[in-house]
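Let me begin by presenting the structure, written as structure tokens, before commenting on it.
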Amino acid sequence: MKDDAVNPLWRRDGRSALPALMEREWDLLVIGGGITGAGILLEAARRGLHALLVEQRDFAWGTSSRSSKLVHGGLRYLKGGHLHLTRESVRERESLLRDAPGLVEPQGFAFAHYDGQRGRRSFLAGLAVYDLLAGRRERHWLGRDEFLARAPNVAPDMANTGLAGGIVYQDAKTDDARLVLRVLGEAMTHGAAALNYVGARTLLRVDGRVAGALVCDGIAGTTHEVRARVTVDATGAWSGALHGKGPRLRPLRGSHLVLPGWRLPLAQAVSLMHPRDGRPVFAYPWEGTTLVGTTDLDHEQPMAREARITRAELDYLLAALQAQFPGLGIVEADVLSTFAGVRPVIAGGHAEASREGREHSVWSEDGLVAVAGGKLTTFRAIALDALKQVRAQLPEWRDALRPCRVFAAAPASTHGRLPAGLVRRLQGRHGAAAEALLLAAGEDEFALIPGTETPWAELRWAARAEAVQRLDDLLLRRTRLGLQLREGGTALMPRIRAICQPELGWDDARWEREARDYAALWHSHYGLPQEGAR
């Protein structure tokens, strides 16, 4: 694939096409550039609909870049009797493992079990169902010595009880923001358009029927009326803001810590029950680091304000690590970064936030379809459910909406001298664009950025061809260097600038302004919280 074959809309001059796009009448206007909106865009475009997606911030800016980054089968939902959700989640996890190698990868989990601790039998029974749904059978119980060989740093004793052994099972992990970008990129190969920093202000109505939206280009400051036969609200935790309808949401915040991989070395993900309240907390290897999470709290701050971890949440997660890995002496200074996301959970009336379900809901009125709830793993199933409601409003469109491959297979690489793991990674994250990325890279840009699994070449490609409008788009979502490197990667900024500034076409004043804004954002929302931060 040649470099000039990449979708021009995401190049640095791509927004020049925006006014013409706004003048078209679309079959489908999708509002919201997270995983739900991206999934709907892809499934609509591959089935022949002319579809446009707009996102008021950056793609994956909200929950879809701040999740726990797990593609999991919903083991915990079995406890609540949600067999359908677990079955659906397992099916979608297996599809992503098959269709997105290099982006969605298997992840083993290990759960320590101590003498006298309850729940072993029910946990193993749940795993038997889990295996049945996935069509496989595995051994899940390990004795003490074998378990410690898998997870050597876990506490051999806890609360004056000895380690009896442990439970192991398989799920999967991903880079959530890159998953969104891959879905959007795939949609554009089918003729869709996706624009970041274009926000929907109000819905347009003709004779009471929704007929599109008034949108504002946040870069140029211009407004446009976008006409569409059906409009989809896929704004996640912000669902309902445009129309005031739909199920009541209960925004729940999940906060995480990122540590250097060498400071908390793990081959398996380790799940544990928090010594304070018995909630599950996990730590697992991710992109050269170790990710720790999550909290599950009512988010009581205004939704217009970017979520961030609180001091209490930081202390809570550190307490879990110190209890499970006492020999490592992990302290606050070991934390590379933090992040917090708000989950779009449908309120079910439970007193405890963790007891709320993760099902999704789709409803419609004339010209409008809205999605609420849901989870990362099941984005394709959610998209197909939403499109069933769209189909009811487009009489001539009769697609059967059967699931198909999530992604087309990436073309074989011609760069045979590169490590197979690197090629697999790039094909998983970039799909058909992977070959153009490889051709664009400088000879020394296939080396990994220290402390990460990211090659320098991904920075160049993101700056050139992935709709980067702000420096935080580049460092927090196109790549994850802002999470993986201390101080958000400022020590590497000279080389980042040398690679990316020419590709972005920014002058020195623009780069320096972006660097200042990024540093301020990182310290306020991705660094350690200040005392008393809420």
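Numbering starts fresh at 1 for the residues of each chain in the structure tokens, the chains themselves are lettered A, B, ... in the order given, and ligands are numbered from 1 as they appear.
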**Residue set, segment 145-174 of chain A restricted to strand (DSSP E), as a PyMOL selection string** = chain A and resi 157-158+161-174
**Request:** Tell me, as a list in words, which residues lie within 9 Å of Arg425 of chain A, counting only C-alpha atoms; anything in the same chain fewer than 6 positions away does not count.
**Result:**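 Surrounding residues, per the criterion: Pro101, Gly102 and Leu103 of chain A.
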Excluding Val198 of chain A and its own-chain neighbours fewer than 4 positions away, which residues fall within 12 Å of it when counting only C-alpha atoms? Please give them as a tab-separated table (two decimals) with all heavy atoms, in the first residue's frame.
```
chain	number	residue	atom	x	y	z
A	15	ARG	N	-8.57	18.77	6.89
A	15	ARG	CA	-9.76	19.48	7.31
A	15	ARG	C	-10.25	20.50	6.27
A	15	ARG	O	-11.35	21.05	6.41
A	15	ARG	CB	-9.53	20.15	8.66
A	15	ARG	CG	-9.35	19.15	9.79
A	15	ARG	CD	-9.17	19.82	11.13
A	15	ARG	NE	-10.44	20.22	11.73
A	15	ARG	CZ	-11.18	19.43	12.51
A	15	ARG	NH1	-10.79	18.19	12.77
A	15	ARG	NH2	-12.30	19.88	13.05
A	18	LEU	N	-13.59	19.62	5.07
A	18	LEU	CA	-14.70	19.59	6.02
A	18	LEU	C	-15.94	20.33	5.51
A	18	LEU	O	-17.06	19.79	5.59
A	18	LEU	CB	-14.25	20.13	7.37
A	18	LEU	CG	-15.19	19.96	8.56
A	18	LEU	CD1	-14.39	19.77	9.84
A	18	LEU	CD2	-16.13	21.16	8.72
A	19	PRO	N	-15.84	21.57	4.97
A	19	PRO	CA	-17.06	22.25	4.51
A	19	PRO	C	-17.84	21.45	3.48
A	19	PRO	O	-19.09	21.41	3.52
A	19	PRO	CB	-16.52	23.56	3.93
A	19	PRO	CG	-15.24	23.81	4.67
A	19	PRO	CD	-14.65	22.45	4.85
A	22	MET	N	-19.79	18.71	5.12
A	22	MET	CA	-20.94	19.22	5.84
A	22	MET	C	-22.13	19.49	4.92
A	22	MET	O	-23.28	19.49	5.35
A	22	MET	CB	-20.57	20.52	6.57
A	22	MET	CG	-19.45	20.40	7.59
A	22	MET	SD	-19.83	19.34	9.02
A	22	MET	CE	-18.95	17.84	8.59
A	30	VAL	N	-23.31	9.80	13.04
A	30	VAL	CA	-22.98	9.22	14.35
A	30	VAL	C	-22.32	10.31	15.19
A	30	VAL	O	-21.31	10.89	14.77
A	30	VAL	CB	-22.04	8.01	14.21
A	30	VAL	CG1	-21.73	7.42	15.58
A	30	VAL	CG2	-22.65	6.96	13.29
A	31	ILE	N	-22.86	10.57	16.35
A	31	ILE	CA	-22.31	11.57	17.26
A	31	ILE	C	-21.61	10.84	18.39
A	31	ILE	O	-22.24	10.10	19.16
A	31	ILE	CB	-23.42	12.49	17.81
A	31	ILE	CG1	-24.15	13.19	16.66
A	31	ILE	CG2	-22.83	13.52	18.78
A	31	ILE	CD1	-25.38	13.98	17.09
A	32	GLY	N	-20.30	10.99	18.49
A	32	GLY	CA	-19.51	10.32	19.52
A	32	GLY	C	-18.43	9.46	18.93
A	32	GLY	O	-18.72	8.52	18.16
A	33	GLY	N	-17.17	9.78	19.25
A	33	GLY	CA	-16.03	9.10	18.66
A	33	GLY	C	-15.31	8.14	19.59
A	33	GLY	O	-14.10	7.95	19.47
A	52	LEU	N	-21.23	9.41	8.48
A	52	LEU	CA	-20.30	10.42	9.00
A	52	LEU	C	-20.31	10.35	10.51
A	52	LEU	O	-21.38	10.26	11.13
A	52	LEU	CB	-20.72	11.82	8.56
A	52	LEU	CG	-20.05	13.02	9.24
A	52	LEU	CD1	-18.58	13.10	8.85
A	52	LEU	CD2	-20.77	14.32	8.89
A	53	LEU	N	-19.13	10.38	11.12
A	53	LEU	CA	-19.00	10.44	12.58
A	53	LEU	C	-18.36	11.76	12.98
A	53	LEU	O	-17.37	12.19	12.36
A	53	LEU	CB	-18.17	9.27	13.09
A	53	LEU	CG	-17.88	9.20	14.59
A	53	LEU	CD1	-17.84	7.75	15.07
A	53	LEU	CD2	-16.58	9.90	14.99
A	54	VAL	N	-18.89	12.40	14.01
A	54	VAL	CA	-18.29	13.61	14.57
A	54	VAL	C	-18.04	13.40	16.06
A	54	VAL	O	-18.82	12.76	16.75
A	54	VAL	CB	-19.16	14.86	14.34
A	54	VAL	CG1	-19.29	15.17	12.86
A	54	VAL	CG2	-20.54	14.72	14.99
A	55	GLU	N	-16.93	13.92	16.53
A	55	GLU	CA	-16.52	13.83	17.94
A	55	GLU	C	-16.09	15.21	18.40
A	55	GLU	O	-15.23	15.84	17.78
A	55	GLU	CB	-15.39	12.82	18.09
A	55	GLU	CG	-14.58	12.91	19.37
A	55	GLU	CD	-15.43	12.80	20.63
A	55	GLU	OE1	-16.29	11.89	20.70
A	55	GLU	OE2	-15.23	13.63	21.55
A	56	GLN	N	-16.66	15.69	19.52
A	56	GLN	CA	-16.39	17.06	19.93
A	56	GLN	C	-14.98	17.26	20.47
A	56	GLN	O	-14.45	18.38	20.43
A	56	GLN	CB	-17.41	17.51	20.97
A	56	GLN	CG	-17.31	16.80	22.31
A	56	GLN	CD	-18.25	17.39	23.34
A	56	GLN	OE1	-18.75	18.50	23.16
A	56	GLN	NE2	-18.49	16.65	24.42
A	57	ARG	N	-14.36	16.20	20.97
A	57	ARG	CA	-12.96	16.28	21.40
A	57	ARG	C	-12.13	15.46	20.42
A	57	ARG	O	-12.25	15.58	19.24
A	57	ARG	CB	-12.83	15.79	22.84
A	57	ARG	CG	-13.76	16.49	23.83
A	57	ARG	CD	-13.04	17.52	24.65
A	57	ARG	NE	-13.84	17.96	25.78
A	57	ARG	CZ	-13.36	18.44	26.91
A	57	ARG	NH1	-12.05	18.56	27.10
A	57	ARG	NH2	-14.16	18.83	27.88
A	58	ASP	N	-11.27	14.63	20.97
A	58	ASP	CA	-10.49	13.75	20.10
A	58	ASP	C	-11.12	12.37	20.10
A	58	ASP	O	-11.84	11.99	21.04
A	58	ASP	CB	-9.04	13.68	20.60
A	58	ASP	CG	-8.13	12.90	19.66
A	58	ASP	OD1	-8.42	12.88	18.44
A	58	ASP	OD2	-7.15	12.31	20.13
A	59	PHE	N	-10.83	11.59	19.07
A	59	PHE	CA	-11.28	10.21	19.05
A	59	PHE	C	-10.79	9.50	20.32
A	59	PHE	O	-9.62	9.63	20.71
A	59	PHE	CB	-10.73	9.48	17.82
A	59	PHE	CG	-11.08	10.13	16.51
A	59	PHE	CD1	-10.08	10.46	15.60
A	59	PHE	CD2	-12.39	10.42	16.19
A	59	PHE	CE1	-10.39	11.06	14.38
A	59	PHE	CE2	-12.72	11.02	14.98
A	59	PHE	CZ	-11.71	11.35	14.07
A	194	ALA	N	-14.78	10.37	9.33
A	194	ALA	CA	-14.71	10.55	10.78
A	194	ALA	C	-13.93	11.82	11.08
A	194	ALA	O	-12.79	11.98	10.61
A	194	ALA	CB	-14.06	9.34	11.45
A	213	ALA	N	-27.89	17.43	12.70
A	213	ALA	CA	-27.44	18.20	13.86
A	213	ALA	C	-26.71	19.45	13.41
A	213	ALA	O	-26.10	19.48	12.32
A	213	ALA	CB	-26.52	17.35	14.74
A	214	LEU	N	-26.78	20.47	14.24
A	214	LEU	CA	-25.95	21.66	14.07
A	214	LEU	C	-24.63	21.36	14.77
A	214	LEU	O	-24.60	21.03	15.96
A	214	LEU	CB	-26.61	22.88	14.71
A	214	LEU	CG	-25.80	24.18	14.67
A	214	LEU	CD1	-25.72	24.70	13.23
A	214	LEU	CD2	-26.41	25.23	15.59
A	215	VAL	N	-23.52	21.42	14.02
A	215	VAL	CA	-22.22	21.07	14.57
A	215	VAL	C	-21.28	22.26	14.50
A	215	VAL	O	-21.46	23.16	13.67
A	215	VAL	CB	-21.60	19.85	13.85
A	215	VAL	CG1	-22.54	18.66	13.87
A	215	VAL	CG2	-21.20	20.19	12.42
A	216	CYS	N	-20.29	22.25	15.37
A	216	CYS	CA	-19.29	23.32	15.41
A	216	CYS	C	-17.91	22.72	15.23
A	216	CYS	O	-17.53	21.78	15.96
A	216	CYS	CB	-19.37	24.08	16.74
A	216	CYS	SG	-18.14	25.39	16.91
A	217	ASP	N	-17.16	23.24	14.28
A	217	ASP	CA	-15.77	22.86	14.08
A	217	ASP	C	-14.93	23.56	15.14
A	217	ASP	O	-14.75	24.77	15.10
A	217	ASP	CB	-15.33	23.26	12.68
A	217	ASP	CG	-13.86	22.95	12.39
A	217	ASP	OD1	-13.16	22.48	13.30
A	217	ASP	OD2	-13.43	23.18	11.25
A	218	GLY	N	-14.45	22.78	16.11
A	218	GLY	CA	-13.70	23.36	17.22
A	218	GLY	C	-12.34	23.90	16.83
A	218	GLY	O	-11.73	24.63	17.62
A	219	ILE	N	-11.84	23.57	15.65
A	219	ILE	CA	-10.56	24.10	15.19
A	219	ILE	C	-10.76	25.42	14.46
A	219	ILE	O	-10.11	26.43	14.76
A	219	ILE	CB	-9.86	23.08	14.27
A	219	ILE	CG1	-9.68	21.73	15.00
A	219	ILE	CG2	-8.51	23.62	13.80
A	219	ILE	CD1	-8.84	21.79	16.25
A	220	ALA	N	-11.68	25.46	13.51
A	220	ALA	CA	-11.91	26.68	12.71
A	220	ALA	C	-12.92	27.62	13.35
A	220	ALA	O	-12.97	28.80	13.01
A	220	ALA	CB	-12.38	26.30	11.31
A	221	GLY	N	-13.75	27.09	14.29
A	221	GLY	CA	-14.76	27.92	14.93
A	221	GLY	C	-16.00	28.13	14.09
A	221	GLY	O	-16.84	28.97	14.44
A	222	THR	N	-16.17	27.38	13.02
A	222	THR	CA	-17.33	27.54	12.15
A	222	THR	C	-18.43	26.56	12.53
A	222	THR	O	-18.18	25.51	13.12
A	222	THR	CB	-16.92	27.30	10.69
A	222	THR	OG1	-16.29	26.00	10.58
A	222	THR	CG2	-15.94	28.37	10.22
A	223	THR	N	-19.66	26.92	12.19
A	223	THR	CA	-20.79	26.03	12.45
A	223	THR	C	-21.39	25.57	11.13
A	223	THR	O	-21.33	26.27	10.12
A	223	THR	CB	-21.88	26.73	13.29
A	223	THR	OG1	-22.31	27.91	12.61
A	223	THR	CG2	-21.34	27.09	14.67
A	224	HIS	N	-22.00	24.39	11.17
A	224	HIS	CA	-22.55	23.78	9.96
A	224	HIS	C	-23.80	23.00	10.33
A	224	HIS	O	-23.88	22.40	11.41
A	224	HIS	CB	-21.55	22.83	9.31
A	224	HIS	CG	-20.21	23.42	9.03
A	224	HIS	ND1	-19.88	24.00	7.83
A	224	HIS	CD2	-19.10	23.53	9.83
A	224	HIS	CE1	-18.64	24.44	7.88
A	224	HIS	NE2	-18.15	24.16	9.08
A	225	GLU	N	-24.77	22.97	9.44
A	225	GLU	CA	-25.92	22.10	9.58
A	225	GLU	C	-25.65	20.82	8.79
A	225	GLU	O	-25.45	20.86	7.57
A	225	GLU	CB	-27.19	22.77	9.07
A	225	GLU	CG	-27.67	23.91	9.96
A	225	GLU	CD	-29.04	24.42	9.54
A	225	GLU	OE1	-29.54	24.00	8.45
A	225	GLU	OE2	-29.62	25.24	10.29
A	226	VAL	N	-25.59	19.71	9.49
A	226	VAL	CA	-25.35	18.42	8.86
A	226	VAL	C	-26.68	17.69	8.74
A	226	VAL	O	-27.35	17.44	9.75
A	226	VAL	CB	-24.35	17.56	9.65
A	226	VAL	CG1	-24.15	16.21	8.98
A	226	VAL	CG2	-23.02	18.28	9.78
A	469	GLN	N	-4.52	16.86	16.20
A	469	GLN	CA	-4.78	18.30	16.26
A	469	GLN	C	-4.10	18.95	17.47
A	469	GLN	O	-3.87	20.16	17.48
A	469	GLN	CB	-6.29	18.57	16.33
A	469	GLN	CG	-7.11	17.89	15.24
A	469	GLN	CD	-6.77	18.40	13.85
A	469	GLN	OE1	-6.30	19.53	13.69
A	469	GLN	NE2	-7.01	17.58	12.84
```
**Item:** DSSP helix (DSSP H, G or I) residues within segment 110-294 of chain A, listed as a PyMOL selection string
**Value:** chain A and resi 120-134+144-150+176-189+236-238
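In this model, the gap between atom CA of Arg11 of chain A and atom CA of Ile499 of chain A comes to 15.7 Å.
Those residues that approach Glu435 of chain A to within 10 Å, counting only C-alpha atoms, are Met1, Lys2, Asp3, Ala410, Pro411, Ala412, Ser413, Thr414, His415, Val423, Leu426, Gln427, His430, Gly431, Ala432, Leu438, Leu439 and Ala440 of chain A; same-chain residues fewer than 3 positions away are not listed.
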Restricting the output to C-alpha atoms, write the selected residues as a PDB file, in the first residue's frame.
```pdb
ATOM      1  CA  MET A   1       0.000   0.000   0.000  1.00  0.00           C
ATOM      2  CA  LYS A   2       1.394   3.382  -0.964  1.00  0.00           C
ATOM      3  CA  ASP A   3       1.575   6.293   1.452  1.00  0.00           C
ATOM      4  CA  ALA A 410      -3.832  -6.890   7.008  1.00  0.00           C
ATOM      5  CA  PRO A 411      -1.804  -7.362   3.788  1.00  0.00           C
ATOM      6  CA  ALA A 412       1.400  -9.357   4.167  1.00  0.00           C
ATOM      7  CA  SER A 413       4.415  -7.193   4.976  1.00  0.00           C
ATOM      8  CA  THR A 414       7.283  -6.836   2.539  1.00  0.00           C
ATOM      9  CA  HIS A 415       9.678  -5.952   5.383  1.00  0.00           C
ATOM     10  CA  VAL A 423       5.249  -6.423  12.284  1.00  0.00           C
ATOM     11  CA  LEU A 426       1.894  -2.678  13.620  1.00  0.00           C
ATOM     12  CA  GLN A 427      -0.528  -4.726  11.543  1.00  0.00           C
ATOM     13  CA  HIS A 430      -2.868  -0.025  11.874  1.00  0.00           C
ATOM     14  CA  GLY A 431      -4.388  -2.688   9.625  1.00  0.00           C
ATOM     15  CA  ALA A 432      -4.078  -1.849   5.947  1.00  0.00           C
ATOM     16  CA  LEU A 438       6.767   1.001   7.542  1.00  0.00           C
ATOM     17  CA  LEU A 439       7.641   2.790   4.311  1.00  0.00           C
ATOM     18  CA  ALA A 440       7.423   6.190   6.008  1.00  0.00           C
TER      19      ALA A 440
END
```
**Request:** Please identify all polymer residues within 7 Å of Gly527 of chain A, counting only C-alpha atoms, omitting same-chain residues fewer than 3 positions from it, and present them as a list in words.
**Result:**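 The residues satisfying every condition are Ser337, Thr338, Trp522, His523 and Ser524 of chain A.
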Save the residues we just selected, N, CA and C atoms, as a CSV table (one decimal), in the first residue's frame?
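Printed below is selection_19.csv as written:
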```csv
chain,number,residue,atom,x,y,z
A,337,SER,N,2.4,7.2,36.2
A,337,SER,CA,1.3,8.1,35.8
A,337,SER,C,0.0,7.5,36.4
A,338,THR,N,-1.1,8.3,36.2
A,338,THR,CA,-2.4,7.9,36.7
A,338,THR,C,-3.4,8.2,35.6
A,522,TRP,N,-1.0,17.1,31.7
A,522,TRP,CA,-0.5,15.9,32.3
A,522,TRP,C,-0.4,16.0,33.8
A,523,HIS,N,0.2,17.1,34.3
A,523,HIS,CA,0.3,17.3,35.7
A,523,HIS,C,-1.0,17.4,36.4
A,524,SER,N,-2.0,17.9,35.8
A,524,SER,CA,-3.3,18.1,36.5
A,524,SER,C,-4.2,16.8,36.4
```
**Request:** Compare A:Arg477, A:Arg417, A:Arg201, A:Lys375 by their minimum atom-to-atom distance to Glu359 of chain A, counting only C-alpha atoms, and give me the closest one.
**Result:** A:Lys375
**Request:** Rank A:Leu521, A:Ala20, A:Ala312, A:Val129 by their smallest atom-to-atom distance to Arg470 of chain A, using only C-alpha atoms, and report the top residue only.
**Result:**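 Once distances to Arg470 of chain A are computed over only C-alpha atoms, the minimum belongs to A:Leu521.
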